[in-house]
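**Student:** My structure is below; once you've seen it, I'll send some questions.
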Amino acid sequence: MKQFTDQLGTTHTFEHTPSRIISLVPSQTETLFDLGLEDELVGVTKFCVHPFHLKATKTIIGGTKQINIAKIQALQPDIIIANKEENTLKIVAQLKEICPVWVTDVLTIEDSIQVIRDFGNIFNKRTDAQKWIEKITFGLTDFQEFIKSKSAQKAAYFIWANPYMVAAGETYINEILKLNKFENIYDSNPKYEGRYPEVIIQKMRIQGDPELVLLSSEPFPFADKHAFELGRHTHHARTVFVDGEYFSWHGTRLVKAFDYFKVLHNTL
C-alpha cells in the first residue's frame, strides 16, 4: 500500500503501481511518454499531439474541457491525470467516481519539476524522472547564464482574438515570460481580473506600451491581420509569432524550450 499527495493536497492510496493511465493534458501525456510509460497510457485527449503517433495507437477520450465518460469507463483506468487549469472541477468530480484523479497545479518551473518527480514516484520510474530533472536543471542554469546579457523588454502575450485575451499574472506562461526577461504589462494590472483576461487593445499604450507583442501559436491561430491590428495600438512594438508549446507546456517539454528561447532571443 502506497500513498502519494498531489499538488492540490489530495492524498491518494494505491495497492499497486497504476498500470492503466488516462491523461487529460497534452504536456503531461508527453511527460508520461518520456518517462517510458507509453504502454501504460490507454487514453489521451485529441490535443495530445506529442508524440504524434499516440493519437493513432491510444483511445481518444475527448478534449480537455469535454470528455467521453463512457469511453473512459470502458478503459478501466487505474489513475487519471488532470490539471487544475486545463480541466474543470465538474470533470474531476465525475472522474473521481471511476478511479483516483491526480490533479497537478503548475505555476512555476519548480512545480513542473515536481510533476516529473511525482510521476516517477507513482509509476515506479524514479530513475527516469531523475534523469529528466537533471536535464531541466542543467538547461535552466545554462539559460539563466545566457539571459544575463539580455536587456529586459516590456511584453504582452496574446492567447486569443475576438475578443483579445492575454496571459496575465499567476500563470505558468507569466513565469516563463519572467525567465526570458519579458516584463508582462498585464502582470498584476488592476484594470483586468483573472489569469487570462479580455483586454482593450486600444489602451495598450497607456497601460504599459509593450516593446514586444507575442502571439501564441495556441490555442488561437493568429494571422498577419492580427499582428497588424495589434501593432497599430503600440509605439512601434515588434510583433512576434511564438510557439505556444514552449511557453505554456510544462514537464519534459522544458528541455527543448531552453534552446527555443535562445533562438528566439537571437532573432529579436
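Chain labels A, B, ... are given in the sequence in which chains occur in the C-alpha cells; within each chain residues are numbered consecutively from 1, and ligands are likewise numbered from 1 in the order shown.
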What's the 9 Å shell around A:Asp118, counting only C-alpha atoms, without same-chain residues fewer than 6 positions away, as a VMD selection string?
**Tutor:** chain A and resid 4 to 6 126 129
**Student:** Neighbouring residues of stretch 158-175 of chain A were defined as those with any atom within 8 Å, considering only C-alpha atoms; residues of the same chain fewer than 5 positions away were excluded. Please report them as a PyMOL selection string.
**Tutor:** chain A and resi 106-109+184+186-189+194-201+213-220+222+226+247-248
**Student:** Quick one: residues within 6 Å of stretch 144-156 of chain A, only C-alpha atoms, excluding same-chain residues fewer than 4 positions away - as a VMD selection string?
**Tutor:** chain A and resid 181 to 185 210 to 213
**Student:** Restrict the selected residues to C-alpha atoms and save them as a PDB file, in the first residue's frame.
**Tutor:**
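Written file, selection08.pdb:
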```pdb
ATOM      1  CA  LYS A 181      13.195  38.898 -19.072  1.00  0.00           C
ATOM      2  CA  PHE A 182       9.939  39.775 -20.831  1.00  0.00           C
ATOM      3  CA  GLU A 183       8.125  42.112 -18.448  1.00  0.00           C
ATOM      4  CA  ASN A 184       4.440  41.302 -18.814  1.00  0.00           C
ATOM      5  CA  ILE A 185       2.461  44.566 -18.915  1.00  0.00           C
ATOM      6  CA  PRO A 210       4.909  46.915 -24.826  1.00  0.00           C
ATOM      7  CA  GLU A 211       8.073  46.679 -26.869  1.00  0.00           C
ATOM      8  CA  LEU A 212       7.110  43.143 -27.863  1.00  0.00           C
ATOM      9  CA  VAL A 213       3.712  41.725 -28.763  1.00  0.00           C
TER      10      VAL A 213
END
```
**Student:** Step one, run DSSP on the backbone; step two, keep only residues of stretch 44-164 of chain A assigned to strand (DSSP E); then write them as a ChimeraX atom specification.
**Tutor:** /A:44,59-60,79-83,101-104,153-160
**Student:** Would you save the residues of that selection, restricted to C-alpha atoms, as a JSON list (two decimals), in the first residue's frame?
**Tutor:**
```json
[["chain", "number", "residue", "atom", "x", "y", "z"],
["A", 44, "VAL", "CA", -5.44, 10.57, -24.22],
["A", 59, "THR", "CA", -8.14, 5.73, -27.33],
["A", 60, "ILE", "CA", -9.19, 9.38, -27.72],
["A", 79, "ILE", "CA", -5.49, 6.54, -12.48],
["A", 80, "ILE", "CA", -6.48, 9.66, -14.43],
["A", 81, "ILE", "CA", -4.01, 12.56, -14.72],
["A", 82, "ALA", "CA", -5.63, 16.01, -14.79],
["A", 83, "ASN", "CA", -4.61, 19.63, -14.26],
["A", 101, "VAL", "CA", -7.78, 11.53, -10.26],
["A", 102, "TRP", "CA", -4.32, 13.01, -9.79],
["A", 103, "VAL", "CA", -4.51, 16.80, -10.27],
["A", 104, "THR", "CA", -1.45, 18.92, -10.96],
["A", 153, "GLN", "CA", 11.73, 44.16, -22.60],
["A", 154, "LYS", "CA", 8.13, 45.03, -21.88],
["A", 155, "ALA", "CA", 5.82, 42.48, -23.49],
["A", 156, "ALA", "CA", 2.20, 41.44, -23.99],
["A", 157, "TYR", "CA", 1.44, 37.75, -24.57],
["A", 158, "PHE", "CA", -1.78, 37.18, -26.52],
["A", 159, "ILE", "CA", -3.58, 33.83, -26.47],
["A", 160, "TRP", "CA", -6.87, 34.71, -28.20]]
```
**Student:** Report as a list in words all protein, DNA and RNA residues lying within 12 Å of A:Arg232, evaluated on only C-alpha atoms, omitting residues in the same chain fewer than 3 positions from it.
**Tutor:**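 These residues fall inside the cut-off: Ile201, Gln202, Lys203, Met204, Arg205, Asp209, Pro210, Val213, Lys225, His226, Ala227, Phe228, Glu229, His235, His236, Ala237, Arg238 and Thr239 of chain A.
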**Student:** Those residues with all heavy atoms, as a compact mmCIF listing (two decimals), in the first residue's frame please?
**Tutor:**
```txt
# COMPACT_ATOMS: atom_id res chain seq x y z
N ILE A 201 -7.40 46.48 -26.56
CA ILE A 201 -6.10 46.71 -27.19
C ILE A 201 -5.86 48.19 -27.50
O ILE A 201 -4.71 48.63 -27.59
CB ILE A 201 -5.94 45.87 -28.47
CG1 ILE A 201 -7.00 46.23 -29.52
CG2 ILE A 201 -6.01 44.38 -28.13
CD1 ILE A 201 -6.77 45.54 -30.86
N GLN A 202 -6.93 48.96 -27.63
CA GLN A 202 -6.79 50.39 -27.89
C GLN A 202 -6.13 51.13 -26.72
O GLN A 202 -5.68 52.26 -26.86
CB GLN A 202 -8.14 51.03 -28.20
CG GLN A 202 -8.76 50.61 -29.52
CD GLN A 202 -9.46 49.26 -29.46
OE1 GLN A 202 -9.50 48.60 -28.41
NE2 GLN A 202 -10.03 48.81 -30.58
N LYS A 203 -6.07 50.46 -25.56
CA LYS A 203 -5.48 51.09 -24.37
C LYS A 203 -4.07 50.56 -24.06
O LYS A 203 -3.52 50.86 -23.01
CB LYS A 203 -6.39 50.86 -23.16
CG LYS A 203 -7.74 51.56 -23.27
CD LYS A 203 -8.56 51.38 -21.99
CE LYS A 203 -9.87 52.15 -22.08
NZ LYS A 203 -10.67 52.02 -20.84
N MET A 204 -3.50 49.78 -24.98
CA MET A 204 -2.19 49.20 -24.71
C MET A 204 -1.12 50.24 -24.43
O MET A 204 -0.26 50.06 -23.58
CB MET A 204 -1.74 48.30 -25.88
CG MET A 204 -2.09 46.85 -25.67
SD MET A 204 -1.10 45.72 -26.68
CE MET A 204 -1.59 46.19 -28.33
N ARG A 205 -1.17 51.36 -25.14
CA ARG A 205 -0.12 52.38 -24.96
C ARG A 205 -0.13 52.94 -23.55
O ARG A 205 0.92 53.11 -22.93
CB ARG A 205 -0.31 53.51 -25.98
CG ARG A 205 -0.02 53.09 -27.41
CD ARG A 205 -0.16 54.27 -28.35
NE ARG A 205 0.03 53.88 -29.74
CZ ARG A 205 -0.06 54.71 -30.77
NH1 ARG A 205 -0.33 56.00 -30.56
NH2 ARG A 205 0.12 54.27 -32.00
N ASP A 209 2.36 49.97 -22.88
CA ASP A 209 3.05 50.18 -24.16
C ASP A 209 4.19 49.19 -24.37
O ASP A 209 5.37 49.52 -24.25
CB ASP A 209 3.58 51.61 -24.24
CG ASP A 209 3.89 52.01 -25.68
OD1 ASP A 209 3.33 51.38 -26.60
OD2 ASP A 209 4.67 52.95 -25.88
N PRO A 210 3.87 47.95 -24.70
CA PRO A 210 4.91 46.92 -24.83
C PRO A 210 5.88 47.17 -25.97
O PRO A 210 5.54 47.79 -26.97
CB PRO A 210 4.09 45.65 -25.08
CG PRO A 210 2.86 46.15 -25.78
CD PRO A 210 2.54 47.46 -25.09
N VAL A 213 5.03 42.34 -28.81
CA VAL A 213 3.71 41.73 -28.76
C VAL A 213 3.90 40.29 -29.23
O VAL A 213 4.28 40.05 -30.38
CB VAL A 213 2.71 42.47 -29.67
CG1 VAL A 213 1.40 41.69 -29.75
CG2 VAL A 213 2.45 43.88 -29.15
N LYS A 225 -3.08 39.58 -40.05
CA LYS A 225 -4.04 40.66 -39.82
C LYS A 225 -4.13 41.02 -38.33
O LYS A 225 -4.31 42.18 -37.97
CB LYS A 225 -5.42 40.29 -40.35
CG LYS A 225 -6.08 39.11 -39.65
CD LYS A 225 -7.47 38.82 -40.24
CE LYS A 225 -8.15 37.66 -39.51
NZ LYS A 225 -9.51 37.37 -40.08
N HIS A 226 -3.96 40.02 -37.48
CA HIS A 226 -3.99 40.28 -36.05
C HIS A 226 -2.72 41.03 -35.62
O HIS A 226 -2.78 41.95 -34.81
CB HIS A 226 -4.10 38.97 -35.26
CG HIS A 226 -5.32 38.19 -35.60
ND1 HIS A 226 -5.27 37.01 -36.32
CD2 HIS A 226 -6.63 38.41 -35.32
CE1 HIS A 226 -6.50 36.54 -36.46
NE2 HIS A 226 -7.35 37.37 -35.87
N ALA A 227 -1.59 40.62 -36.18
CA ALA A 227 -0.33 41.30 -35.87
C ALA A 227 -0.40 42.76 -36.27
O ALA A 227 0.04 43.66 -35.54
CB ALA A 227 0.83 40.60 -36.59
N PHE A 228 -0.97 43.03 -37.44
CA PHE A 228 -1.10 44.41 -37.92
C PHE A 228 -2.02 45.22 -37.02
O PHE A 228 -1.70 46.35 -36.64
CB PHE A 228 -1.64 44.41 -39.35
CG PHE A 228 -1.86 45.78 -39.91
CD1 PHE A 228 -0.79 46.57 -40.33
CD2 PHE A 228 -3.14 46.31 -40.02
CE1 PHE A 228 -0.98 47.84 -40.83
CE2 PHE A 228 -3.35 47.59 -40.52
CZ PHE A 228 -2.27 48.36 -40.93
N GLU A 229 -3.15 44.63 -36.66
CA GLU A 229 -4.11 45.34 -35.81
C GLU A 229 -3.52 45.67 -34.45
O GLU A 229 -3.66 46.79 -33.95
CB GLU A 229 -5.38 44.51 -35.64
CG GLU A 229 -6.45 45.21 -34.81
CD GLU A 229 -7.72 44.40 -34.65
OE1 GLU A 229 -7.68 43.17 -34.91
OE2 GLU A 229 -8.74 44.98 -34.26
N HIS A 235 3.51 51.87 -29.65
CA HIS A 235 4.51 52.77 -30.24
C HIS A 235 5.61 51.91 -30.86
O HIS A 235 6.65 51.66 -30.24
CB HIS A 235 5.10 53.70 -29.18
CG HIS A 235 4.21 54.84 -28.82
ND1 HIS A 235 3.57 54.94 -27.60
CD2 HIS A 235 3.83 55.93 -29.53
CE1 HIS A 235 2.84 56.05 -27.57
NE2 HIS A 235 2.98 56.67 -28.73
N HIS A 236 5.37 51.42 -32.04
CA HIS A 236 6.38 50.67 -32.81
C HIS A 236 6.83 49.37 -32.13
O HIS A 236 8.00 48.99 -32.22
CB HIS A 236 7.59 51.55 -33.10
CG HIS A 236 7.26 52.88 -33.69
ND1 HIS A 236 6.67 53.02 -34.92
CD2 HIS A 236 7.40 54.15 -33.20
CE1 HIS A 236 6.48 54.31 -35.18
NE2 HIS A 236 6.90 55.01 -34.14
N ALA A 237 5.92 48.68 -31.44
CA ALA A 237 6.27 47.38 -30.85
C ALA A 237 6.54 46.36 -31.95
O ALA A 237 5.94 46.41 -33.02
CB ALA A 237 5.14 46.89 -29.96
N ARG A 238 7.43 45.45 -31.65
CA ARG A 238 7.69 44.35 -32.58
C ARG A 238 6.71 43.23 -32.29
O ARG A 238 6.57 42.79 -31.14
CB ARG A 238 9.12 43.85 -32.42
CG ARG A 238 9.48 42.75 -33.42
CD ARG A 238 10.95 42.46 -33.41
NE ARG A 238 11.28 41.42 -34.38
CZ ARG A 238 12.51 40.98 -34.62
NH1 ARG A 238 13.52 41.50 -33.96
NH2 ARG A 238 12.73 40.05 -35.52
N THR A 239 6.01 42.76 -33.31
CA THR A 239 5.05 41.67 -33.14
C THR A 239 5.70 40.37 -33.60
O THR A 239 6.20 40.28 -34.72
CB THR A 239 3.77 41.93 -33.95
OG1 THR A 239 3.22 43.19 -33.55
CG2 THR A 239 2.74 40.85 -33.70
```
**Student:** Could you check how far atom CA of A:Glu85 sits from atom CA of A:Ile116, in Å to one decimal?
**Tutor:**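 Result for atom CA of A:Glu85 versus atom CA of A:Ile116: 17.5 Å, one decimal.
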**Student:** Which residues, written as a list of chain:residue names, have at least one atom at most 10 Å from A:Lys262, with only C-alpha atoms counted and residues fewer than 3 positions away on the same chain left out?
**Tutor:**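 Counting only C-alpha atoms, the residues come to A:Phe143, A:Phe146, A:Ile147, A:Asn180, A:Ala257, A:Phe258, A:Asp259, A:His265, A:Asn266, A:Thr267.
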**Student:** What's the 10 Å shell around stretch 55-58 of chain A, counting only C-alpha atoms, without same-chain residues fewer than 2 positions away, as a PyMOL selection string?
**Tutor:** chain A and resi 22+38-39+41-53+60-61
**Student:** Keeping all heavy atoms, export the residues of the selection given above as a short mmCIF file (atom, residue, chain, number, x, y, z; two decimals), in the first residue's frame.
**Tutor:**
```
data_model
loop_
_atom_site.label_atom_id
_atom_site.label_comp_id
_atom_site.auth_asym_id
_atom_site.auth_seq_id
_atom_site.Cartn_x
_atom_site.Cartn_y
_atom_site.Cartn_z
N ILE A 22 -4.92 7.26 -17.91
CA ILE A 22 -5.54 8.18 -18.86
C ILE A 22 -5.01 9.57 -18.55
O ILE A 22 -4.99 10.00 -17.39
CB ILE A 22 -7.08 8.16 -18.73
CG1 ILE A 22 -7.64 6.85 -19.28
CG2 ILE A 22 -7.71 9.35 -19.47
CD1 ILE A 22 -9.15 6.70 -19.13
N GLU A 38 4.63 4.63 -22.24
CA GLU A 38 3.75 4.55 -23.41
C GLU A 38 2.79 3.36 -23.30
O GLU A 38 1.59 3.50 -23.60
CB GLU A 38 4.57 4.43 -24.69
CG GLU A 38 3.71 4.30 -25.93
CD GLU A 38 4.49 4.26 -27.23
OE1 GLU A 38 5.75 4.25 -27.18
OE2 GLU A 38 3.85 4.25 -28.31
N ASP A 39 3.28 2.23 -22.90
CA ASP A 39 2.42 1.05 -22.83
C ASP A 39 1.33 1.20 -21.78
O ASP A 39 0.23 0.64 -21.93
CB ASP A 39 3.26 -0.20 -22.51
CG ASP A 39 4.16 -0.60 -23.67
OD1 ASP A 39 3.88 -0.16 -24.80
OD2 ASP A 39 5.13 -1.34 -23.44
N LEU A 41 -0.14 4.03 -20.93
CA LEU A 41 -1.12 5.03 -21.38
C LEU A 41 -2.20 4.33 -22.21
O LEU A 41 -1.91 3.75 -23.25
CB LEU A 41 -0.44 6.10 -22.23
CG LEU A 41 0.16 7.31 -21.52
CD1 LEU A 41 1.03 8.12 -22.48
CD2 LEU A 41 -0.93 8.20 -20.92
N VAL A 42 -3.44 4.41 -21.75
CA VAL A 42 -4.53 3.77 -22.50
C VAL A 42 -5.48 4.79 -23.13
O VAL A 42 -6.19 4.47 -24.09
CB VAL A 42 -5.33 2.80 -21.61
CG1 VAL A 42 -4.44 1.63 -21.17
CG2 VAL A 42 -5.92 3.51 -20.40
N GLY A 43 -5.49 6.02 -22.61
CA GLY A 43 -6.38 7.03 -23.15
C GLY A 43 -5.76 8.41 -23.08
O GLY A 43 -5.10 8.75 -22.09
N VAL A 44 -5.97 9.20 -24.16
CA VAL A 44 -5.44 10.57 -24.22
C VAL A 44 -6.49 11.47 -24.87
O VAL A 44 -7.49 11.00 -25.41
CB VAL A 44 -4.12 10.62 -25.04
CG1 VAL A 44 -3.04 9.76 -24.40
CG2 VAL A 44 -4.35 10.18 -26.49
N THR A 45 -6.25 12.78 -24.84
CA THR A 45 -7.17 13.71 -25.47
C THR A 45 -6.81 13.92 -26.95
O THR A 45 -5.72 13.56 -27.39
CB THR A 45 -7.16 15.08 -24.79
OG1 THR A 45 -5.97 15.80 -25.17
CG2 THR A 45 -7.22 14.95 -23.28
N LYS A 46 -7.71 14.54 -27.67
CA LYS A 46 -7.46 14.83 -29.08
C LYS A 46 -6.39 15.89 -29.27
O LYS A 46 -5.87 16.07 -30.37
CB LYS A 46 -8.76 15.27 -29.77
CG LYS A 46 -9.36 16.55 -29.20
CD LYS A 46 -10.68 16.89 -29.89
CE LYS A 46 -11.32 18.13 -29.30
NZ LYS A 46 -12.62 18.44 -29.95
N PHE A 47 -6.04 16.57 -28.18
CA PHE A 47 -4.99 17.60 -28.24
C PHE A 47 -3.62 17.06 -27.86
O PHE A 47 -2.64 17.81 -27.87
CB PHE A 47 -5.36 18.77 -27.33
CG PHE A 47 -6.68 19.41 -27.66
CD1 PHE A 47 -7.73 19.37 -26.75
CD2 PHE A 47 -6.88 20.04 -28.87
CE1 PHE A 47 -8.95 19.96 -27.05
CE2 PHE A 47 -8.09 20.63 -29.19
CZ PHE A 47 -9.13 20.58 -28.28
N CYS A 48 -3.54 15.80 -27.52
CA CYS A 48 -2.26 15.19 -27.14
C CYS A 48 -1.49 14.83 -28.41
O CYS A 48 -1.60 13.71 -28.92
CB CYS A 48 -2.50 13.97 -26.26
SG CYS A 48 -3.22 14.39 -24.64
N VAL A 49 -0.72 15.78 -28.91
CA VAL A 49 -0.10 15.64 -30.23
C VAL A 49 1.38 15.26 -30.19
O VAL A 49 2.00 15.09 -31.22
CB VAL A 49 -0.26 16.95 -31.03
CG1 VAL A 49 -1.72 17.22 -31.33
CG2 VAL A 49 0.35 18.15 -30.28
N HIS A 50 1.93 15.13 -29.00
CA HIS A 50 3.34 14.72 -28.87
C HIS A 50 3.44 13.52 -27.94
O HIS A 50 2.98 13.59 -26.79
CB HIS A 50 4.19 15.86 -28.32
CG HIS A 50 4.29 17.05 -29.23
ND1 HIS A 50 4.80 16.98 -30.51
CD2 HIS A 50 3.92 18.34 -29.04
CE1 HIS A 50 4.75 18.19 -31.05
NE2 HIS A 50 4.21 19.02 -30.18
N PRO A 51 4.05 12.43 -28.38
CA PRO A 51 4.43 12.16 -29.76
C PRO A 51 3.18 11.93 -30.63
O PRO A 51 2.17 11.44 -30.13
CB PRO A 51 5.30 10.92 -29.68
CG PRO A 51 4.80 10.22 -28.46
CD PRO A 51 4.41 11.30 -27.49
N PHE A 52 3.29 12.25 -31.88
CA PHE A 52 2.14 12.29 -32.77
C PHE A 52 1.43 10.95 -32.91
O PHE A 52 0.21 10.89 -33.02
CB PHE A 52 2.56 12.80 -34.16
CG PHE A 52 1.39 12.99 -35.09
CD1 PHE A 52 0.56 14.09 -34.96
CD2 PHE A 52 1.11 12.07 -36.08
CE1 PHE A 52 -0.53 14.28 -35.81
CE2 PHE A 52 0.03 12.24 -36.94
CZ PHE A 52 -0.79 13.35 -36.79
N HIS A 53 2.21 9.87 -32.86
CA HIS A 53 1.62 8.55 -33.13
C HIS A 53 0.64 8.10 -32.05
O HIS A 53 -0.16 7.17 -32.28
CB HIS A 53 2.71 7.50 -33.32
CG HIS A 53 3.40 7.09 -32.05
ND1 HIS A 53 4.52 7.72 -31.59
CD2 HIS A 53 3.11 6.12 -31.15
CE1 HIS A 53 4.91 7.16 -30.46
NE2 HIS A 53 4.07 6.18 -30.16
N ILE A 60 -8.95 7.95 -27.91
CA ILE A 60 -9.19 9.38 -27.72
C ILE A 60 -10.45 9.53 -26.88
O ILE A 60 -11.54 9.09 -27.28
CB ILE A 60 -9.35 10.10 -29.07
CG1 ILE A 60 -8.13 9.85 -29.97
CG2 ILE A 60 -9.55 11.60 -28.83
CD1 ILE A 60 -6.82 10.32 -29.40
N ILE A 61 -10.31 10.17 -25.73
CA ILE A 61 -11.43 10.25 -24.80
C ILE A 61 -12.10 11.63 -24.79
O ILE A 61 -12.90 11.94 -23.91
CB ILE A 61 -10.98 9.86 -23.38
CG1 ILE A 61 -9.72 10.63 -22.93
CG2 ILE A 61 -10.70 8.37 -23.34
CD1 ILE A 61 -9.95 12.02 -22.48
#
```
**Student:** Quick one: DSSP alpha helix (DSSP H) residues in stretch 93-186 of chain A, as an MDAnalysis selection string?
**Tutor:** chainID A and resid 93:95 109:122 126:147 172:179
